[in-house]
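Dumped coords.pdb below, it's PDB, C-alpha atoms:
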ATOM      1  CA  MET Y   1     -11.525 -11.291  -6.854  1.00  0.00           C
ATOM      2  CA  ALA Y   2     -10.549  -8.243  -4.878  1.00  0.00           C
ATOM      3  CA  SER Y   3      -8.088  -6.960  -2.319  1.00  0.00           C
ATOM      4  CA  PHE Y   4      -8.911  -5.338   0.991  1.00  0.00           C
ATOM      5  CA  ALA Y   5      -7.685  -2.075  -0.547  1.00  0.00           C
ATOM      6  CA  ASP Y   6     -10.614  -2.370  -2.975  1.00  0.00           C
ATOM      7  CA  VAL Y   7     -13.015  -2.648  -0.042  1.00  0.00           C
ATOM      8  CA  ALA Y   8     -11.395   0.333   1.699  1.00  0.00           C
ATOM      9  CA  SER Y   9     -11.534   2.397  -1.486  1.00  0.00           C
ATOM     10  CA  GLU Y  10     -15.218   1.699  -2.149  1.00  0.00           C
ATOM     11  CA  GLU Y  11     -16.523   1.552   1.435  1.00  0.00           C
ATOM     12  CA  PRO Y  12     -13.989   3.167   3.807  1.00  0.00           C
ATOM     13  CA  GLU Y  13     -16.195   3.216   6.936  1.00  0.00           C
ATOM     14  CA  PHE Y  14     -17.188  -0.420   6.435  1.00  0.00           C
ATOM     15  CA  ALA Y  15     -13.525  -1.407   5.919  1.00  0.00           C
ATOM     16  CA  VAL Y  16     -12.504   0.329   9.151  1.00  0.00           C
ATOM     17  CA  ARG Y  17     -15.205  -1.534  11.083  1.00  0.00           C
ATOM     18  CA  VAL Y  18     -14.152  -4.870   9.563  1.00  0.00           C
ATOM     19  CA  ARG Y  19     -10.511  -4.198  10.348  1.00  0.00           C
ATOM     20  CA  THR Y  20     -11.416  -3.199  13.921  1.00  0.00           C
ATOM     21  CA  ALA Y  21     -13.280  -6.485  14.395  1.00  0.00           C
ATOM     22  CA  PHE Y  22     -10.263  -8.469  13.166  1.00  0.00           C
ATOM     23  CA  ASP Y  23      -7.780  -6.433  15.211  1.00  0.00           C
ATOM     24  CA  ALA Y  24      -9.836  -6.987  18.397  1.00  0.00           C
ATOM     25  CA  HIS Y  25      -8.702 -10.621  18.738  1.00  0.00           C
ATOM     26  CA  ALA Y  26      -5.279 -12.194  18.268  1.00  0.00           C
ATOM     27  CA  HIS Y  27      -6.765 -15.588  17.436  1.00  0.00           C
ATOM     28  CA  LYS Y  28      -9.016 -15.984  14.420  1.00  0.00           C
ATOM     29  CA  PHE Y  29     -10.754 -19.031  12.930  1.00  0.00           C
ATOM     30  CA  LEU Y  30      -9.827 -20.294   9.471  1.00  0.00           C
ATOM     31  CA  ALA Y  31     -12.092 -22.684   7.558  1.00  0.00           C
ATOM     32  CA  THR Y  32     -10.495 -24.724   4.777  1.00  0.00           C
ATOM     33  CA  LEU Y  33     -11.406 -27.813   2.773  1.00  0.00           C
ATOM     34  CA  ARG Y  34      -9.595 -31.113   3.213  1.00  0.00           C
ATOM     35  CA  ALA Y  35      -8.609 -33.216   0.196  1.00  0.00           C
ATOM     36  CA  ASP Y  36     -11.800 -35.291   0.621  1.00  0.00           C
ATOM     37  CA  GLY Y  37     -13.917 -32.103   0.566  1.00  0.00           C
ATOM     38  CA  SER Y  38     -14.792 -32.141   4.253  1.00  0.00           C
ATOM     39  CA  PRO Y  39     -14.377 -28.889   6.187  1.00  0.00           C
ATOM     40  CA  ARG Y  40     -11.602 -28.122   8.655  1.00  0.00           C
ATOM     41  CA  ILE Y  41     -11.561 -25.256  11.170  1.00  0.00           C
ATOM     42  CA  SER Y  42      -8.205 -24.088  12.512  1.00  0.00           C
ATOM     43  CA  GLY Y  43      -6.974 -21.330  14.738  1.00  0.00           C
ATOM     44  CA  ILE Y  44      -4.687 -18.747  13.159  1.00  0.00           C
ATOM     45  CA  GLU Y  45      -3.116 -15.458  14.220  1.00  0.00           C
ATOM     46  CA  MET Y  46      -3.895 -13.448  11.079  1.00  0.00           C
ATOM     47  CA  GLN Y  47      -2.744  -9.845  10.867  1.00  0.00           C
ATOM     48  CA  PHE Y  48      -3.192  -7.076   8.356  1.00  0.00           C
ATOM     49  CA  VAL Y  49       0.197  -6.175   6.861  1.00  0.00           C
ATOM     50  CA  ALA Y  50       0.518  -3.101   4.644  1.00  0.00           C
ATOM     51  CA  GLY Y  51      -3.283  -2.823   4.746  1.00  0.00           C
ATOM     52  CA  GLU Y  52      -3.983  -6.366   3.525  1.00  0.00           C
ATOM     53  CA  PRO Y  53      -4.904  -9.578   5.362  1.00  0.00           C
ATOM     54  CA  TRP Y  54      -2.342 -12.379   4.922  1.00  0.00           C
ATOM     55  CA  LEU Y  55      -2.231 -15.964   6.131  1.00  0.00           C
ATOM     56  CA  ALA Y  56       1.151 -16.914   7.559  1.00  0.00           C
ATOM     57  CA  GLY Y  57       2.319 -19.637   9.894  1.00  0.00           C
ATOM     58  CA  MET Y  58       4.347 -22.727  10.621  1.00  0.00           C
ATOM     59  CA  PRO Y  59       5.414 -24.975   7.752  1.00  0.00           C
ATOM     60  CA  GLY Y  60       3.626 -28.294   7.621  1.00  0.00           C
ATOM     61  CA  SER Y  61       0.355 -26.970   9.075  1.00  0.00           C
ATOM     62  CA  VAL Y  62      -2.559 -28.970   7.698  1.00  0.00           C
ATOM     63  CA  LYS Y  63      -4.511 -25.769   7.054  1.00  0.00           C
ATOM     64  CA  PHE Y  64      -1.836 -24.756   4.546  1.00  0.00           C
ATOM     65  CA  THR Y  65      -1.845 -28.227   2.983  1.00  0.00           C
ATOM     66  CA  ASP Y  66      -5.605 -27.742   2.564  1.00  0.00           C
ATOM     67  CA  LEU Y  67      -5.119 -24.347   0.876  1.00  0.00           C
ATOM     68  CA  ARG Y  68      -2.554 -25.724  -1.559  1.00  0.00           C
ATOM     69  CA  GLY Y  69      -5.099 -28.377  -2.574  1.00  0.00           C
ATOM     70  CA  ASP Y  70      -8.170 -26.103  -2.650  1.00  0.00           C
ATOM     71  CA  PRO Y  71      -7.547 -22.373  -2.192  1.00  0.00           C
ATOM     72  CA  ARG Y  72     -11.050 -21.547  -0.946  1.00  0.00           C
ATOM     73  CA  PHE Y  73     -11.257 -20.332   2.648  1.00  0.00           C
ATOM     74  CA  ALA Y  74     -13.370 -18.459   5.154  1.00  0.00           C
ATOM     75  CA  LEU Y  75     -11.824 -16.493   8.013  1.00  0.00           C
ATOM     76  CA  HIS Y  76     -13.729 -15.342  11.107  1.00  0.00           C
ATOM     77  CA  SER Y  77     -12.503 -12.557  13.377  1.00  0.00           C
ATOM     78  CA  GLY Y  78     -13.721 -14.126  16.587  1.00  0.00           C
ATOM     79  CA  SER Y  79     -16.233 -12.297  18.719  1.00  0.00           C
ATOM     80  CA  ASN Y  80     -16.953 -11.252  22.257  1.00  0.00           C
ATOM     81  CA  GLU Y  81     -19.387 -12.988  24.570  1.00  0.00           C
ATOM     82  CA  PRO Y  82     -23.041 -11.946  24.018  1.00  0.00           C
ATOM     83  CA  ASP Y  83     -23.108  -9.391  26.843  1.00  0.00           C
ATOM     84  CA  ALA Y  84     -20.116  -7.569  25.323  1.00  0.00           C
ATOM     85  CA  PHE Y  85     -20.789  -8.250  21.617  1.00  0.00           C
ATOM     86  CA  ASP Y  86     -20.662  -5.331  19.233  1.00  0.00           C
ATOM     87  CA  ALA Y  87     -19.429  -6.833  15.946  1.00  0.00           C
ATOM     88  CA  ASP Y  88     -17.575  -9.638  14.227  1.00  0.00           C
ATOM     89  CA  ALA Y  89     -16.302  -9.991  10.689  1.00  0.00           C
ATOM     90  CA  LYS Y  90     -15.698 -12.646   8.048  1.00  0.00           C
ATOM     91  CA  LEU Y  91     -13.550 -12.768   4.936  1.00  0.00           C
ATOM     92  CA  SER Y  92     -13.920 -15.398   2.242  1.00  0.00           C
ATOM     93  CA  GLY Y  93     -12.187 -16.008  -1.024  1.00  0.00           C
ATOM     94  CA  ARG Y  94      -9.084 -17.757  -2.264  1.00  0.00           C
ATOM     95  CA  ALA Y  95      -5.580 -17.953  -0.849  1.00  0.00           C
ATOM     96  CA  THR Y  96      -2.490 -18.173  -3.051  1.00  0.00           C
ATOM     97  CA  GLN Y  97       0.797 -19.423  -1.659  1.00  0.00           C
ATOM     98  CA  VAL Y  98       3.632 -16.908  -1.919  1.00  0.00           C
ATOM     99  CA  THR Y  99       6.978 -18.515  -2.733  1.00  0.00           C
ATOM    100  CA  ASP Y 100       8.650 -15.608  -4.546  1.00  0.00           C
ATOM    101  CA  LEU Y 101      11.562 -14.519  -2.332  1.00  0.00           C
ATOM    102  CA  ASP Y 102      11.181 -10.824  -3.150  1.00  0.00           C
ATOM    103  CA  GLU Y 103       7.468 -10.799  -2.284  1.00  0.00           C
ATOM    104  CA  ARG Y 104       8.136 -12.795   0.902  1.00  0.00           C
ATOM    105  CA  GLY Y 105      10.868 -10.294   1.790  1.00  0.00           C
ATOM    106  CA  ARG Y 106       8.535  -7.326   1.290  1.00  0.00           C
ATOM    107  CA  TYR Y 107       5.912  -9.016   3.480  1.00  0.00           C
ATOM    108  CA  ALA Y 108       8.499  -9.797   6.174  1.00  0.00           C
ATOM    109  CA  ALA Y 109       9.854  -6.234   6.157  1.00  0.00           C
ATOM    110  CA  ALA Y 110       6.343  -4.762   6.452  1.00  0.00           C
ATOM    111  CA  ALA Y 111       5.414  -7.270   9.179  1.00  0.00           C
ATOM    112  CA  GLY Y 112       8.634  -6.732  11.121  1.00  0.00           C
ATOM    113  CA  VAL Y 113       9.733 -10.361  10.720  1.00  0.00           C
ATOM    114  CA  PRO Y 114      13.510 -10.753  11.179  1.00  0.00           C
ATOM    115  CA  ALA Y 115      15.481 -12.555   8.462  1.00  0.00           C
ATOM    116  CA  GLU Y 116      16.219 -15.500  10.785  1.00  0.00           C
ATOM    117  CA  HIS Y 117      12.460 -16.180  11.097  1.00  0.00           C
ATOM    118  CA  MET Y 118      11.649 -16.410   7.377  1.00  0.00           C
ATOM    119  CA  GLY Y 119      10.787 -20.141   7.495  1.00  0.00           C
ATOM    120  CA  PHE Y 120       7.029 -19.505   7.597  1.00  0.00           C
ATOM    121  CA  GLU Y 121       4.433 -20.349   4.979  1.00  0.00           C
ATOM    122  CA  LEU Y 122       2.709 -17.340   3.425  1.00  0.00           C
ATOM    123  CA  PHE Y 123      -0.555 -16.958   1.505  1.00  0.00           C
ATOM    124  CA  ARG Y 124      -1.957 -13.865  -0.199  1.00  0.00           C
ATOM    125  CA  ILE Y 125      -5.731 -13.423   0.058  1.00  0.00           C
ATOM    126  CA  ASP Y 126      -8.082 -12.596  -2.818  1.00  0.00           C
ATOM    127  CA  LEU Y 127     -11.542 -11.697  -1.563  1.00  0.00           C
ATOM    128  CA  ASP Y 128     -14.931 -12.883  -2.789  1.00  0.00           C
ATOM    129  CA  GLN Y 129     -16.884 -11.490   0.170  1.00  0.00           C
ATOM    130  CA  VAL Y 130     -16.422  -9.410   3.316  1.00  0.00           C
ATOM    131  CA  VAL Y 131     -19.134  -9.537   5.991  1.00  0.00           C
ATOM    132  CA  LEU Y 132     -19.635  -7.495   9.149  1.00  0.00           C
ATOM    133  CA  THR Y 133     -22.258  -8.589  11.657  1.00  0.00           C
ATOM    134  CA  ALA Y 134     -22.988  -5.882  14.223  1.00  0.00           C
ATOM    135  CA  LEU Y 135     -25.674  -4.622  16.547  1.00  0.00           C
ATOM    136  CA  ASN Y 136     -27.842  -1.679  15.530  1.00  0.00           C
ATOM    137  CA  ASP Y 137     -27.654   1.553  17.555  1.00  0.00           C
ATOM    138  CA  GLU Y 138     -30.539   0.443  19.790  1.00  0.00           C
ATOM    139  CA  LYS Y 139     -28.779  -2.918  20.367  1.00  0.00           C
ATOM    140  CA  ASN Y 140     -31.963  -4.833  19.636  1.00  0.00           C
ATOM    141  CA  ALA Y 141     -31.222  -6.192  16.144  1.00  0.00           C
ATOM    142  CA  LEU Y 142     -28.338  -7.527  14.093  1.00  0.00           C
ATOM    143  CA  VAL Y 143     -27.156  -5.597  11.064  1.00  0.00           C
ATOM    144  CA  ILE Y 144     -25.405  -7.794   8.508  1.00  0.00           C
ATOM    145  CA  SER Y 145     -23.386  -5.826   5.964  1.00  0.00           C
ATOM    146  CA  SER Y 146     -21.854  -7.709   3.040  1.00  0.00           C
ATOM    147  CA  TRP Y 147     -19.454  -6.441   0.378  1.00  0.00           C
ATOM    148  CA  ARG Y 148     -18.704  -8.321  -2.851  1.00  0.00           C
ATOM    149  CA  PRO Y 149     -16.586  -7.166  -5.782  1.00  0.00           C
ATOM    150  CA  GLY Y 150     -18.742  -5.712  -8.519  1.00  0.00           C
ATOM    151  CA  ARG Y 151     -21.827  -5.685  -6.290  1.00  0.00           C
ATOM    152  CA  GLY Y 152     -20.823  -3.299  -3.536  1.00  0.00           C
ATOM    153  CA  LEU Y 153     -22.265  -3.180  -0.054  1.00  0.00           C
ATOM    154  CA  THR Y 154     -25.626  -4.631   0.974  1.00  0.00           C
ATOM    155  CA  ARG Y 155     -27.287  -4.491   4.378  1.00  0.00           C
ATOM    156  CA  THR Y 156     -29.794  -6.798   6.072  1.00  0.00           C
ATOM    157  CA  ASP Y 157     -31.389  -6.115   9.456  1.00  0.00           C
ATOM    158  CA  ARG Y 158     -32.452  -9.067  11.603  1.00  0.00           C
ATOM    159  CA  THR Y 159     -34.530  -8.641  14.735  1.00  0.00           C
TER     160      THR Y 159
END
Can you present the structure in this file as structure tokens?
Amino acid sequence: MASFADVASEEPEFAVRVRTAFDAHAHKFLATLRADGSPRISGIEMQFVAGEPWLAGMPGSVKFTDLRGDPRFALHSGSNEPDAFDADAKLSGRATQVTDLDERGRYAAAAGVPAEHMGFELFRIDLDQVVLTALNDEKNALVISSWRPGRGLTRTDRT
């Protein structure tokens, strides 16, 4: 497992492009697994805080119930319509619930969350894969770049 800082350290340009794709849309799409193993897709407003992606939101959300039962997830940045598409990104890995008050406090301070709004659920992300799907310079093919810990960055062109 890896952090986003690991990605940025090994492949800084790739990390910037991934972060740009995530920052382009307020709403992202989170895939989790229900208790019966079936998939669930949920909207989420994920942000990078102190350089890392975190999952935070309202208590009682079924997506967080899913993550407590099976920590595996996939998160999609969202993307523009085809005529305006340039790139989208995906993160996958495992999410760990953060209950430690000090760690929650550090997150809240970095995220600018006031003390009276600390009732949220919070999950730290450990990454298995980071993917960026973008157009090539000629805008006639997709370029799929994938980073995995211990394997580095690979690239596949699809026309």
Ranking Y:His117, Y:Arg94, Y:His25, Y:Arg155 by minimum distance to Ala2 (chain Y) and counting all atoms listed in the file, which one comes first?
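For Ala2 (chain Y), the nearest of the given residues is Y:Arg94.
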Figure out the distance between CA of Phe73 (chain Y) and CA of Thr32 (chain Y), please, to one decimal in Å.
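Atom-to-atom, CA of Thr32 (chain Y) and CA of Phe73 (chain Y) are spaced 4.9 Å apart.
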Minimum-distance residue to Gly93 (chain Y), chosen among Y:Val62, Y:Leu132, Y:Ala21, Y:Leu75 (using all atoms listed in the file)
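So, comparing all the options, the nearest one is Y:Leu75.
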Atom pair CA of Ala74 (chain Y) / CA of Met46 (chain Y): separation (Å)
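For CA of Ala74 (chain Y) relative to CA of Met46 (chain Y), the distance reads 12.2 Å.
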Quick one: of Y:Ala8, Y:Val98, Y:Val49, Y:Met1, who's nearest to Asp126 (chain Y), counting only C-alpha atoms?
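For Asp126 (chain Y), the nearest of the candidates is Y:Met1.
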